Structures are given as C-alpha cells and as structure tokens.
Amino acid sequence: MEIAATAIDKVLTDLVSQPDPRWKTLAADRQRKQIQAELNSSAPKDGMMRVMTRMQFQEAPDLVEIDWESELATFEQIKYPQYYLQPFHSVLGGYLSERAAVGNRVAMEAILENAHPRKSLGVREEIAQLFPEDARQILDLGAGIGDDAAAIARRLPNATVTAWEASPFMIIVGRHYHKALPNLRRQHGLAEKTALPDNSVDALNMTYLLHECPDEIKQLILAECWRILSPGGLLVVTDALPGDLYSYRGFFEPYKEQWLKIDPDKLLREAGFIKLKAYQFAYSTWTRVGSKPAAA
Ligand SMILES: C[S@@+](CC[C@H](N)C(=O)[O-])C[C@H]1O[C@@H](n2cnc3c(N)ncnc32)[C@H](O)[C@@H]1O
C-alpha cells in the first residue's frame, strides 16, 4: 500500500532539499547537516508546523521583479563573523538568502497571527508609538526588511529613520516593500560596528535581533547602542519570550539555550541603561524601553 506523504513530510523534504545558496562561500554541506540534525531531534515540531502552515495563508509579496544579480552587485562586501554564517530558522544560507528575505514578512505575520489583532504589523505600530516626537535620528538595528523602521518613519515624518541590516537580501526586499517613505533610509552593516560618531543618534530600536546573536555579541551590540545614543536617548528592545522561542524546534536557532537564561532588565541595566519600562504587545514577546543617562 502506498502511504500518502503527510504535511510534515512535505515540510521536512522542502527544508532539507533547498538549492545551494546564491553565495557559494556559505558551506552549504555543513549547513545542510545542521538543518538535518535540528529536524531529526526528538523535540516536538508542532510549533514549527503551525507557523509553516499559517505561512501558506499569509498575503505573499509579488517580488518577481527583483533582479537579484544586479541588485546584489551594488553592495560592498562586509566580512561576516562566523556566528552570522549559520542556517537560521533552517533556511540554507541563513539571512544571506532570498528565501529568508522574501519570507520575512510572511513568517512574522504567521508567528504573531494570534498574538495581536493586527499580527506583526500591529505589534510594529505599537513599537512605533514608543518613540518620542522630537527624535530626529532613529536607527533600527538588525532591521530585516524594515517593517519596524517603516512604522516609525510613518509615525514621525520629521525624523530620519535608518534601517540598519547585515543582509543585502533583506535590504533588497525591504526596498520593494517600502518604496514611498522619503524619511526611511537603509544601511548595510553590522549592528555591533556602526562606525557612527558617539552621541549621534536620538533613539534606537531592535526587534528580534538579540536572540540571534551569541552572548558576547549581545553585549557588543548593547555597548555600541550606548556609545552612539545621545545622552538621554532612548533604546527600545523587543524580542521573543525565551520559552516561546525554544518551542519552535525544527527551526535552527543556534542561541536558543543562551536565550533561555536571558533576563531583559538585567541585560539592559548592565549595559548602562536606566529608567527601564516594560511592555508586552503580543503574548509571545517582551518589550523594554531604557534611556542612556542624560549626564553621560
Ligand atoms: C529575526 S530577524 C528580525 C528582523 C526585523 N527586526 C524584524 O523584526 O522583522 C533578525 C535580523 O537581524 C539581522 N542581523 C543579525 N545579526 C546582525 C548583526 N550583527 N548586525 C546587523 N544585523 C544583524 C539579520 O540579518 C536579520 O535580518
């Protein structure tokens, strides 16, 4: 008797048979093994399956017009640290792939589908409300396609909002999503090494960035935030609740164990931020707002 493939078989086959990433330097064989090991783990995969199922029902962007070769050719190569060159979320190539970038909005909408009435875009609008009206230079670090940055730019038309992102793929897709926002800029680079002058930014945002980084890089990013923020400047951080992140087994998350130990208040306080305020815009996330001391 022939047994019909189950939905999970189809998802697993799709995840292990992805084509080689466009950037051949990415050690595709090693990454395939990492994805396979995560998929073969005995942990339940129901969280991942729910997200993958919901992803099929999200409005998908029409991105066929992207000419990847010519758009990628406009970026300067940056030297990527090893921690970044991993198959995040079981996508071959990780963030340096079309699949991660094209799927970014769809995945976030699926993950936050029942967590906020307006899904991920609703959470982003709530985050945008936290930024002060008088901020002029705002940075969104690890911005992905820039949905937070766009929400902030729409709310504060007098501010310049820069979506700072290490993946050219994300920047390219983001440009196609947010074409008509004159105060939204994009910058290709690492969050821990912005090379911006001290005290030059009024407010900073980071959403779902820190859990993707090893502990020492989390510290470096927060130190960089403190350095570039002007005295009295605001830092807004949103990320996954540790247990929720851990439940998405099947999606390769290299730092999920480290994330289980995270204490958002301690993290920000130890980095020098004060006047911490806590928000929760979706049941699966936490948000903290902190300030750099005015006299710093
Ligand atoms: C989970 S995604 C979140 C994207 C976006 N902030 C959002 O809320 O949808 C993490 C993003 O951070 C970027 N990223 C990871 N490490 C980075 C680093 N060190 N510097 C800059 N961007 C980084 C990745 O390329 C990816 O686009």
# chains A, B, ... in the order shown; residues from 1 in each chain; ligands from 1
call {"tool": "residues_around", "arguments": {"residues": "Gly122 in chain A", "least_positions_apart": "6", "cutoff": "12 Å", "atoms": "only C-alpha atoms", "output": "list in words"}}
result
Met108, Glu109, Leu112, Glu113, Asn114, Ala115, His116, Ala128, Gln129, Asp147, Asp148, Ala151, Phe281 and Ala282 of chain A
call {"tool": "write_last_selection", "arguments": {"atoms": "C-alpha atoms", "output": "short mmCIF file (atom, residue, chain, number, x, y, z; two decimals), in the first residue's frame"}}
result
data_model
loop_
_atom_site.label_atom_id
_atom_site.label_comp_id
_atom_site.auth_asym_id
_atom_site.auth_seq_id
_atom_site.Cartn_x
_atom_site.Cartn_y
_atom_site.Cartn_z
CA MET A 108 6.42 37.28 11.15
CA GLU A 109 2.74 37.57 10.25
CA LEU A 112 2.25 36.71 15.55
CA GLU A 113 -1.07 35.74 13.94
CA ASN A 114 -2.92 35.01 17.17
CA ALA A 115 -0.72 37.18 19.35
CA HIS A 116 -2.01 40.57 18.22
CA ALA A 128 6.49 52.93 16.82
CA GLN A 129 4.33 54.71 19.42
CA ASP A 147 8.83 46.87 8.93
CA ASP A 148 9.53 48.48 12.33
CA ALA A 151 6.18 52.10 11.05
CA PHE A 281 2.35 43.96 22.82
CA ALA A 282 1.94 40.27 21.98
#
call {"tool": "closest_atom_pairs", "arguments": {"of": "chain A", "to": "ligand 1", "cutoff": "7 Å", "atoms": "only C-alpha atoms and all ligand atoms", "output": "tab-separated table"}}
result
residue	atom	partner	partner_atom_place_in_ligand_line	distance
A:Tyr84	CA	ligand 1	16 (N)	6.1
A:Tyr95	CA	ligand 1	25 (O)	4.9
A:Asn104	CA	ligand 1	9 (O)	6.4
A:Arg105	CA	ligand 1	9 (O)	6.9
A:Met108	CA	ligand 1	9 (O)	6.5
A:Leu141	CA	ligand 1	21 (C)	6.1
A:Gly142	CA	ligand 1	22 (N)	3.5
A:Ala143	CA	ligand 1	6 (N)	3.9
A:Gly144	CA	ligand 1	27 (O)	3.4
A:Ile145	CA	ligand 1	5 (C)	6.6
A:Gly146	CA	ligand 1	5 (C)	6.3
A:Asp147	CA	ligand 1	9 (O)	6.4
A:Asp148	CA	ligand 1	8 (O)	6.4
A:Trp164	CA	ligand 1	21 (C)	6.4
A:Glu165	CA	ligand 1	22 (N)	4.3
A:Ala166	CA	ligand 1	22 (N)	4.1
A:Ser167	CA	ligand 1	25 (O)	4.7
A:Met170	CA	ligand 1	27 (O)	6.0
A:Gly189	CA	ligand 1	21 (C)	5.9
A:Leu190	CA	ligand 1	20 (N)	3.5
A:Ala191	CA	ligand 1	20 (N)	3.8
A:Glu192	CA	ligand 1	19 (N)	5.9
A:Met206	CA	ligand 1	6 (N)	6.1
A:Thr207	CA	ligand 1	6 (N)	4.3
A:Tyr208	CA	ligand 1	3 (C)	4.6
A:Leu209	CA	ligand 1	10 (C)	4.6
A:Glu212	CA	ligand 1	15 (C)	6.1
A:Cys213	CA	ligand 1	16 (N)	6.2
call {"tool": "write_last_selection", "arguments": {"atoms": "C-alpha atoms", "output": "PDB file, in the first residue's frame"}}
result
ATOM      1  CA  TYR A  84      26.199  35.142  11.327  1.00  0.00           C
ATOM      2  CA  TYR A  95      19.908  35.526   6.417  1.00  0.00           C
ATOM      3  CA  ASN A 104      10.461  37.605   6.459  1.00  0.00           C
ATOM      4  CA  ARG A 105       7.090  39.405   6.463  1.00  0.00           C
ATOM      5  CA  MET A 108       6.416  37.281  11.146  1.00  0.00           C
ATOM      6  CA  LEU A 141      19.333  47.686  14.186  1.00  0.00           C
ATOM      7  CA  GLY A 142      19.007  44.242  12.584  1.00  0.00           C
ATOM      8  CA  ALA A 143      16.037  45.750  10.796  1.00  0.00           C
ATOM      9  CA  GLY A 144      15.331  42.852   8.434  1.00  0.00           C
ATOM     10  CA  ILE A 145      13.112  44.211   5.655  1.00  0.00           C
ATOM     11  CA  GLY A 146      12.450  47.250   7.855  1.00  0.00           C
ATOM     12  CA  ASP A 147       8.828  46.865   8.927  1.00  0.00           C
ATOM     13  CA  ASP A 148       9.533  48.476  12.326  1.00  0.00           C
ATOM     14  CA  TRP A 164      20.493  49.029   9.672  1.00  0.00           C
ATOM     15  CA  GLU A 165      20.882  45.486   8.418  1.00  0.00           C
ATOM     16  CA  ALA A 166      23.647  42.969   7.725  1.00  0.00           C
ATOM     17  CA  SER A 167      21.880  41.083   4.921  1.00  0.00           C
ATOM     18  CA  MET A 170      16.754  41.817   3.451  1.00  0.00           C
ATOM     19  CA  GLY A 189      26.361  46.804   8.109  1.00  0.00           C
ATOM     20  CA  LEU A 190      26.776  45.054  11.422  1.00  0.00           C
ATOM     21  CA  ALA A 191      24.949  46.377  14.463  1.00  0.00           C
ATOM     22  CA  GLU A 192      27.998  45.949  16.712  1.00  0.00           C
ATOM     23  CA  MET A 206      15.960  46.404  17.900  1.00  0.00           C
ATOM     24  CA  THR A 207      13.351  43.744  17.296  1.00  0.00           C
ATOM     25  CA  TYR A 208      14.129  40.027  17.272  1.00  0.00           C
ATOM     26  CA  LEU A 209      17.852  40.767  16.839  1.00  0.00           C
ATOM     27  CA  GLU A 212      20.055  35.580  17.027  1.00  0.00           C
ATOM     28  CA  CYS A 213      23.421  36.584  18.488  1.00  0.00           C
TER      29      CYS A 213
END
call {"tool": "select_by_dssp", "arguments": {"residues": "range 33-194 of chain A", "states": "strand (DSSP E or B)", "output": "list in words"}}
result
Gln137, Ile138, Leu139, Asp140, Leu141, Thr160, Val161, Thr162, Ala163, Trp164, Glu165, Leu184, Arg185, Arg186, Gln187 and His188 of chain A
call {"tool": "residues_around", "arguments": {"residues": "Phe131 in chain A", "least_positions_apart": "2", "cutoff": "8 Å", "atoms": "only C-alpha atoms", "output": "MDAnalysis selection string"}}
result
chainID A and resid 127:129 133 135 152 203 234
call {"tool": "write_last_selection", "arguments": {"atoms": "C-alpha atoms", "output": "compact mmCIF listing (two decimals), in the first residue's frame"}}
result
# COMPACT_ATOMS: atom_id res chain seq x y z
CA ILE A 127 6.51 49.80 18.98
CA ALA A 128 6.49 52.93 16.82
CA GLN A 129 4.33 54.71 19.42
CA GLU A 133 8.09 63.14 18.75
CA ALA A 135 13.66 62.39 17.90
CA ILE A 152 8.39 54.57 12.94
CA ALA A 203 16.68 56.76 19.59
CA LEU A 234 16.03 56.02 24.10
call {"tool": "closest_residue", "arguments": {"among": "A:Pro168, A:Gln36, A:His211, A:Lys179", "to": "Gln77 in chain A", "atoms": "only C-alpha atoms"}}
result
A:Pro168
call {"tool": "closest_residue", "arguments": {"among": "A:Leu260, A:Val173, A:Leu181, A:Ala223", "to": "Trp68 in chain A", "atoms": "only C-alpha atoms"}}
result
A:Val173
call {"tool": "closest_residue", "arguments": {"among": "A:Glu126, A:Pro254, A:Gly232, A:Ile262", "to": "Ile274 in chain A", "atoms": "only C-alpha atoms"}}
result
A:Gly232
